[in-house]
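K.L.:
Coordinates in final.cif, mmCIF, C-alpha atoms, are listed below.
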```cif
data_work
#
loop_
_atom_site.label_atom_id
_atom_site.label_comp_id
_atom_site.auth_asym_id
_atom_site.auth_seq_id
_atom_site.Cartn_x
_atom_site.Cartn_y
_atom_site.Cartn_z
CA MET A 1 168.55 123.96 145.00
CA ARG A 2 169.66 124.93 141.50
CA VAL A 3 172.80 126.68 142.73
CA LEU A 4 173.81 123.69 144.86
CA ASN A 5 173.09 121.15 142.12
CA HIS A 6 175.31 123.11 139.76
CA ALA A 7 177.99 123.31 142.47
CA PHE A 8 177.90 119.50 142.63
CA ASP A 9 177.98 119.48 138.80
CA HIS A 10 174.63 117.70 138.58
CA PRO A 11 171.87 120.05 137.39
CA MET A 12 168.35 118.61 137.73
CA LYS A 13 166.00 120.85 135.79
CA SER A 14 162.68 119.06 136.39
CA GLU A 15 163.37 118.39 140.07
CA GLU A 16 164.37 122.02 140.59
CA GLN A 17 161.28 123.31 138.81
CA ALA A 18 159.05 120.99 140.86
CA ALA A 19 160.47 122.46 144.09
CA MET A 20 159.09 125.92 143.27
CA PRO A 21 155.78 125.43 145.17
CA LEU A 22 157.79 124.93 148.37
CA ALA A 23 158.78 128.62 148.21
CA GLY A 24 157.18 130.84 150.79
CA GLY A 25 157.17 128.00 153.28
CA ILE A 26 155.04 125.35 151.49
CA MET A 27 152.86 127.06 148.92
CA GLN A 28 153.19 130.39 150.73
CA HIS A 29 151.92 129.08 154.08
CA GLY A 30 154.90 130.70 155.83
CA TYR A 31 156.68 127.64 157.21
CA GLN A 32 160.33 126.72 156.51
CA CYS A 33 161.96 128.97 153.94
CA GLY A 34 162.05 127.53 150.43
CA MET A 35 165.84 127.73 150.53
CA LEU A 36 165.80 125.05 153.22
CA TRP A 37 163.49 122.76 151.27
CA GLY A 38 165.62 123.22 148.15
CA SER A 39 168.98 122.75 149.84
CA THR A 40 167.69 119.61 151.56
CA LEU A 41 166.69 118.13 148.20
CA ALA A 42 170.16 118.94 146.85
CA ALA A 43 171.71 117.25 149.90
CA GLY A 44 169.58 114.16 149.31
CA ALA A 45 170.68 114.02 145.68
CA GLN A 46 174.32 114.12 146.75
CA ALA A 47 173.68 111.44 149.39
CA TYR A 48 172.24 109.21 146.67
CA ARG A 49 175.26 109.78 144.43
CA LEU A 50 177.61 108.85 147.27
CA PHE A 51 175.73 106.00 148.94
CA GLY A 52 173.08 104.78 146.50
CA SER A 53 169.66 103.86 147.85
CA GLY A 54 168.71 102.56 151.28
CA SER A 55 168.90 103.49 154.92
CA ARG A 56 172.51 104.71 154.91
CA ALA A 57 171.81 107.25 152.17
CA GLU A 58 168.58 108.34 153.88
CA THR A 59 170.40 108.73 157.20
CA GLY A 60 173.07 110.81 155.50
CA ALA A 61 170.39 113.00 153.94
CA ILE A 62 168.77 113.60 157.34
CA ILE A 63 172.11 114.41 159.01
CA ALA A 64 172.92 116.85 156.19
CA ALA A 65 169.48 118.44 156.62
CA GLN A 66 170.14 118.91 160.33
CA ARG A 67 173.35 120.79 159.49
CA LEU A 68 171.50 122.86 156.88
CA VAL A 69 168.86 123.92 159.40
CA GLU A 70 171.52 124.88 161.94
CA SER A 71 173.41 126.91 159.35
CA PHE A 72 170.31 128.69 158.04
CA ARG A 73 169.20 129.62 161.55
CA ALA A 74 172.66 130.91 162.43
CA LEU A 75 172.65 133.17 159.37
CA ASN A 76 169.04 134.36 159.56
CA LYS A 77 167.92 133.82 163.20
CA HIS A 78 164.71 132.14 161.97
CA ILE A 79 163.89 129.27 159.61
CA ASN A 80 160.26 130.10 158.86
CA CYS A 81 159.36 132.40 155.98
CA ILE A 82 156.68 134.25 157.97
CA GLU A 83 159.22 135.15 160.66
CA ILE A 84 161.73 136.40 158.09
CA THR A 85 159.40 138.29 155.75
CA GLY A 86 156.30 138.96 157.86
CA ILE A 87 154.05 137.79 155.02
CA ASP A 88 152.31 134.61 153.96
CA LYS A 89 149.39 133.60 151.76
CA SER A 90 146.94 135.44 154.05
CA SER A 91 148.74 138.76 153.48
CA THR A 92 146.98 141.37 151.39
CA THR A 93 148.21 142.48 147.99
CA MET A 94 149.18 145.79 149.56
CA GLN A 95 151.24 144.08 152.26
CA MET A 96 153.06 141.99 149.64
CA THR A 97 153.65 145.04 147.46
CA ILE A 98 155.10 146.96 150.39
CA TYR A 99 157.42 144.12 151.35
CA PHE A 100 158.67 143.09 147.92
CA LEU A 101 158.72 146.43 146.12
CA ILE A 102 159.04 149.19 148.71
CA LYS A 103 161.09 147.35 151.35
CA GLY A 104 163.16 145.46 148.77
CA GLY A 105 162.09 142.01 149.90
CA THR A 106 163.18 140.36 146.66
CA ILE A 107 166.67 141.81 147.01
CA ASN A 108 166.78 140.76 150.67
CA CYS A 109 165.93 137.18 149.71
CA MET A 110 168.61 137.20 147.03
CA HIS A 111 171.16 138.41 149.59
CA MET A 112 170.10 135.59 151.90
CA ALA A 113 170.62 133.07 149.10
CA VAL A 114 174.05 134.47 148.28
CA LYS A 115 175.15 134.03 151.92
CA TYR A 116 173.47 130.69 152.45
CA ALA A 117 174.50 128.80 149.29
CA PRO A 118 178.24 128.47 150.03
CA ALA A 119 177.53 127.67 153.68
CA ALA A 120 175.02 125.01 152.61
CA PHE A 121 177.49 123.50 150.14
CA ASP A 122 180.10 123.17 152.90
CA LYS A 123 177.60 121.69 155.38
CA ILE A 124 176.44 119.07 152.89
CA ASN A 125 180.00 118.02 152.08
CA THR A 126 180.95 117.85 155.76
CA ALA A 127 177.86 115.87 156.75
CA LEU A 128 178.28 113.33 153.96
CA SER A 129 182.05 112.94 154.28
CA GLY A 130 181.75 110.66 157.30
CA LYS A 131 182.51 107.11 156.27
CA ASN A 132 180.87 105.69 159.37
CA ILE A 133 177.31 106.94 158.99
CA GLU A 134 175.43 104.46 161.15
CA ALA A 135 171.95 103.77 159.86
CA PRO A 136 169.08 102.12 161.72
CA LEU A 137 166.95 99.56 159.96
CA SER A 138 164.45 100.95 157.48
CA PRO A 139 162.18 102.81 157.56
CA VAL A 140 164.41 105.74 158.46
CA SER A 141 162.49 108.70 157.07
CA CYS A 142 158.77 109.46 156.95
CA SER A 143 159.20 111.53 153.80
CA ALA A 144 161.14 108.72 152.11
CA MET A 145 158.34 106.30 153.04
CA LEU A 146 155.84 108.66 151.45
CA ALA A 147 158.01 108.96 148.33
CA GLN A 148 158.17 105.18 147.97
CA LYS A 149 154.40 104.89 148.31
CA MET A 150 153.98 107.52 145.61
CA GLY A 151 156.09 105.37 143.29
CA VAL A 152 159.10 107.57 142.63
CA SER A 153 162.63 106.39 141.87
CA ASP A 154 165.22 105.39 144.46
CA MET A 155 167.05 108.64 143.79
CA HIS A 156 163.97 110.77 144.41
CA THR A 157 163.21 108.77 147.55
CA VAL A 158 166.64 109.60 149.01
CA MET A 159 166.31 113.21 147.87
CA ALA A 160 163.13 113.55 149.95
CA ALA A 161 164.54 111.74 153.00
CA GLY A 162 166.02 114.82 154.66
CA PHE A 163 162.56 116.36 155.03
CA ALA A 164 161.93 113.91 157.89
CA GLY A 165 160.66 115.34 161.16
CA GLY A 166 160.00 118.74 159.65
CA ILE A 167 163.35 119.02 157.77
CA GLY A 168 166.29 117.51 159.60
CA LEU A 169 164.11 116.55 162.59
CA SER A 170 163.69 120.25 163.43
CA GLY A 171 159.96 119.88 164.15
CA GLY A 172 158.82 122.32 161.45
CA ALA A 173 156.12 121.82 158.85
CA CYS A 174 155.67 118.14 158.01
CA GLY A 175 158.34 116.72 155.73
CA ALA A 176 155.99 114.16 154.23
CA LEU A 177 153.70 116.99 153.14
CA GLY A 178 156.64 118.81 151.55
CA ALA A 179 157.67 115.62 149.76
CA ALA A 180 154.14 115.08 148.48
CA ILE A 181 153.93 118.58 147.02
CA TRP A 182 157.34 118.19 145.37
CA ILE A 183 156.41 114.81 143.86
CA ILE A 184 153.06 116.15 142.64
CA GLY A 185 155.02 118.94 140.94
CA MET A 186 157.33 116.43 139.23
CA ASN A 187 154.35 114.40 138.06
CA SER A 188 152.73 117.54 136.65
CA ILE A 189 155.89 118.30 134.68
CA LYS A 190 155.93 114.73 133.32
CA GLU A 191 152.34 115.24 132.22
CA GLY A 192 153.36 118.28 130.20
CA ALA A 193 152.90 121.24 132.56
CA SER A 194 155.22 124.04 131.48
CA LYS A 195 154.57 126.15 134.56
CA LEU A 196 153.79 125.37 138.20
CA ASP A 197 151.92 127.70 140.51
CA PHE A 198 150.78 127.86 144.11
CA MET A 199 147.24 126.84 143.19
CA ASN A 200 147.98 123.40 141.71
CA PRO A 201 144.68 121.56 142.36
CA LYS A 202 146.40 118.26 143.15
CA ALA A 203 148.73 119.91 145.64
CA GLN A 204 145.80 121.76 147.20
CA ASP A 205 143.93 118.45 147.49
CA ALA A 206 146.95 116.90 149.20
CA ILE A 207 147.03 119.73 151.73
CA GLY A 208 143.31 119.27 152.33
CA ARG A 209 143.71 115.55 153.04
CA PHE A 210 146.71 116.28 155.24
CA ILE A 211 145.09 118.86 157.52
CA LYS A 212 141.98 116.71 157.98
CA CYS A 213 144.24 113.90 159.12
CA THR A 214 146.28 116.10 161.49
CA GLY A 215 143.52 118.19 163.05
CA TYR A 216 144.59 121.18 160.94
CA GLU A 217 148.14 121.17 162.27
CA PHE A 218 151.07 121.59 159.86
CA GLU A 219 154.09 121.31 162.14
CA CYS A 220 155.65 117.94 162.94
CA SER A 221 156.39 118.77 166.59
CA LYS A 222 152.73 119.69 167.20
CA ILE A 223 151.38 116.66 165.35
CA VAL A 224 153.69 114.22 167.14
CA GLY A 225 153.80 116.11 170.42
CA ARG A 226 157.59 116.39 170.55
CA LYS A 227 160.76 116.73 168.50
CA PHE A 228 162.85 113.69 167.63
CA LYS A 229 166.25 113.40 169.32
CA ASP A 230 168.03 111.79 166.40
CA VAL A 231 167.62 109.47 163.42
CA ASP A 232 167.28 106.41 165.66
CA ASP A 233 164.48 108.05 167.63
CA HIS A 234 162.61 108.92 164.44
CA ALA A 235 163.14 105.45 162.97
CA ALA A 236 161.79 103.82 166.14
CA TYR A 237 158.70 106.02 165.92
CA LEU A 238 158.11 104.90 162.33
CA HIS A 239 158.65 101.23 163.24
CA ASP A 240 155.87 101.60 165.79
CA GLY A 241 153.50 102.84 163.09
CA GLY A 242 153.95 106.55 163.69
CA CYS A 243 152.60 108.86 160.97
CA SER A 244 151.22 105.90 159.00
CA LYS A 245 147.79 107.54 158.65
CA ILE A 246 149.34 110.78 157.37
CA ILE A 247 151.49 108.91 154.86
CA GLU A 248 148.50 106.93 153.61
CA ALA A 249 146.40 110.10 153.29
CA LEU A 250 149.10 111.90 151.31
CA ALA A 251 149.80 108.90 149.07
CA THR A 252 146.14 108.70 148.02
CA LYS A 253 145.70 109.79 144.41
#
```
Once you've parsed the file, please lay out its structure as structure tokens.
P.N.:
Amino acid sequence: MRVLNHAFDHPMKSEEQAAMPLAGGIMQHGYQCGMLWGSTLAAGAQAYRLFGSGSRAETGAIIAAQRLVESFRALNKHINCIEITGIDKSSTTMQMTIYFLIKGGTINCMHMAVKYAPAAFDKINTALSGKNIEAPLSPVSCSAMLAQKMGVSDMHTVMAAGFAGGIGLSGGACGALGAAIWIIGMNSIKEGASKLDFMNPKAQDAIGRFIKCTGYEFECSKIVGRKFKDVDDHAAYLHDGGCSKIIEALATK
């Protein structure tokens, strides 16, 4: 996220810091790689700069996220951290030591970032260059709905929009959950936190409320029972009240 924001000449220190808990696939749960969460936020920020607030910007953010997922998968074969690294929060200290120190996992992740950043920058620009982005009536994005309920700015709402449907409608771990953890991180920074970690009590509470609401499922496609075809399909689902209970549970303070 930081590399892309600087490439767009718009660094966002607090927003970038707040994205840290998404590393390791949502607080080390092993779902979508943190690079995908971060690049999607950067895409949403650029969509806001180009289109302002509203359904067109949110649609652009989702389309950009779709391209980002495709690009990441093409480069790395997988999008989930557990499939790339073989470790998650349940891994032992020894397993993590072997991966990061002996197998050079940190260097591998840096190499991934070096390859992915320029590809992501190009995909965002291409996705948002279309002047005829057709947007359905709001609500367009579940994660944007959650952001609005949590009281963030229009810019932050659009930034979160691309998380919809498990990032770019890919069916991965719930985008509303990712948005909630990111927003909780930003609020913690506003309250004076100098450092964020994977054990933030408020983020842990949000995960607890989420899994109780979803029957302990994390992935959008399993919760909903399918993947969404496109932005219109996802918007129609939201108009019919889809995911409203999850959004309410996550928005609870």
K.L.:
Using the chain letters and numbers from this file, what does the PyMOL selection byres ((chain A and resi 198-215) around 6) select? Give the answer as an mmCIF file with C-alpha atoms, keeping the file's coordinate frame.
P.N.:
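Contents of the output file result10.cif:
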```cif
data_model
loop_
_atom_site.group_PDB
_atom_site.id
_atom_site.type_symbol
_atom_site.label_atom_id
_atom_site.label_comp_id
_atom_site.auth_asym_id
_atom_site.auth_seq_id
_atom_site.Cartn_x
_atom_site.Cartn_y
_atom_site.Cartn_z
ATOM 1 C CA PRO A 21 155.780 125.430 145.170
ATOM 2 C CA MET A 27 152.860 127.060 148.920
ATOM 3 C CA ILE A 181 153.930 118.580 147.020
ATOM 4 C CA ASP A 197 151.920 127.700 140.510
ATOM 5 C CA TYR A 216 144.590 121.180 160.940
ATOM 6 C CA GLU A 217 148.140 121.170 162.270
ATOM 7 C CA LEU A 250 149.100 111.900 151.310
#
```
K.L.:
Go through the shown structure with the PyMOL selection byres ((chain A and resi 225-240) around 10) and write out the matching residues as a PyMOL selection string.
P.N.:
chain A and resi 58-60+62-63+66+134-142+145+164-166+168-172+219-224+241-244
K.L.:
Can you translate the PyMOL selection byres ((chain A and resi 150) around 9) into the concrete residues it hits in this file, as a PyMOL selection string?
P.N.:
chain A and resi 145-149+151-152+180+183+250-253
K.L.:
Return the single residue from A:Asn76, A:Thr92, A:Ser129, A:Ser14 that is closest to Ser194 of chain A, with distances computed using all atoms listed in the file.
P.N.:
A:Ser14
K.L.:
Tell me which of A:Lys245, A:Arg2, A:His29, A:Lys190 sits closest to Ser90 of chain A, counting only C-alpha atoms.
P.N.:
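Once distances to Ser90 of chain A are computed over only C-alpha atoms, the minimum belongs to A:His29.
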K.L.:
If you count all atoms listed in the file, which residues fall within 9 Å of Ala45 of chain A, apart from same-chain ones fewer than 3 positions away, as a list in words?
P.N.:
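Counting all atoms listed in the file, the residues come to Asn5, His10, Thr40, Leu41, Ala42, Tyr48, Arg49, Leu50, Ala61, Met155, His156, Val158, Met159 and Ala160 of chain A.
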K.L.:
A:Ser39, A:Asp9, A:Met1, A:Ala19: which is nearest Ser188 of chain A, counting all atoms listed in the file?
P.N.:
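Smallest separation from Ser188 of chain A among the options: A:Ala19.
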K.L.:
Which residue gives the smallest distance to Gly24 of chain A among A:Asp122, A:Asp154, A:Glu191, A:Glu83, with only C-alpha atoms counted?
P.N.:
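Smallest distance to Gly24 of chain A is found for A:Glu83.
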K.L.:
May I ask which of the residues A:Gln32, A:Ser53, A:Gln17, A:Asn108 is the closest one to Leu196 of chain A, counting all atoms listed in the file?
P.N.:
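Checking each of A:Gln32, A:Ser53, A:Gln17, A:Asn108 against Leu196 of chain A, counting all atoms listed in the file, the winner is A:Gln17.
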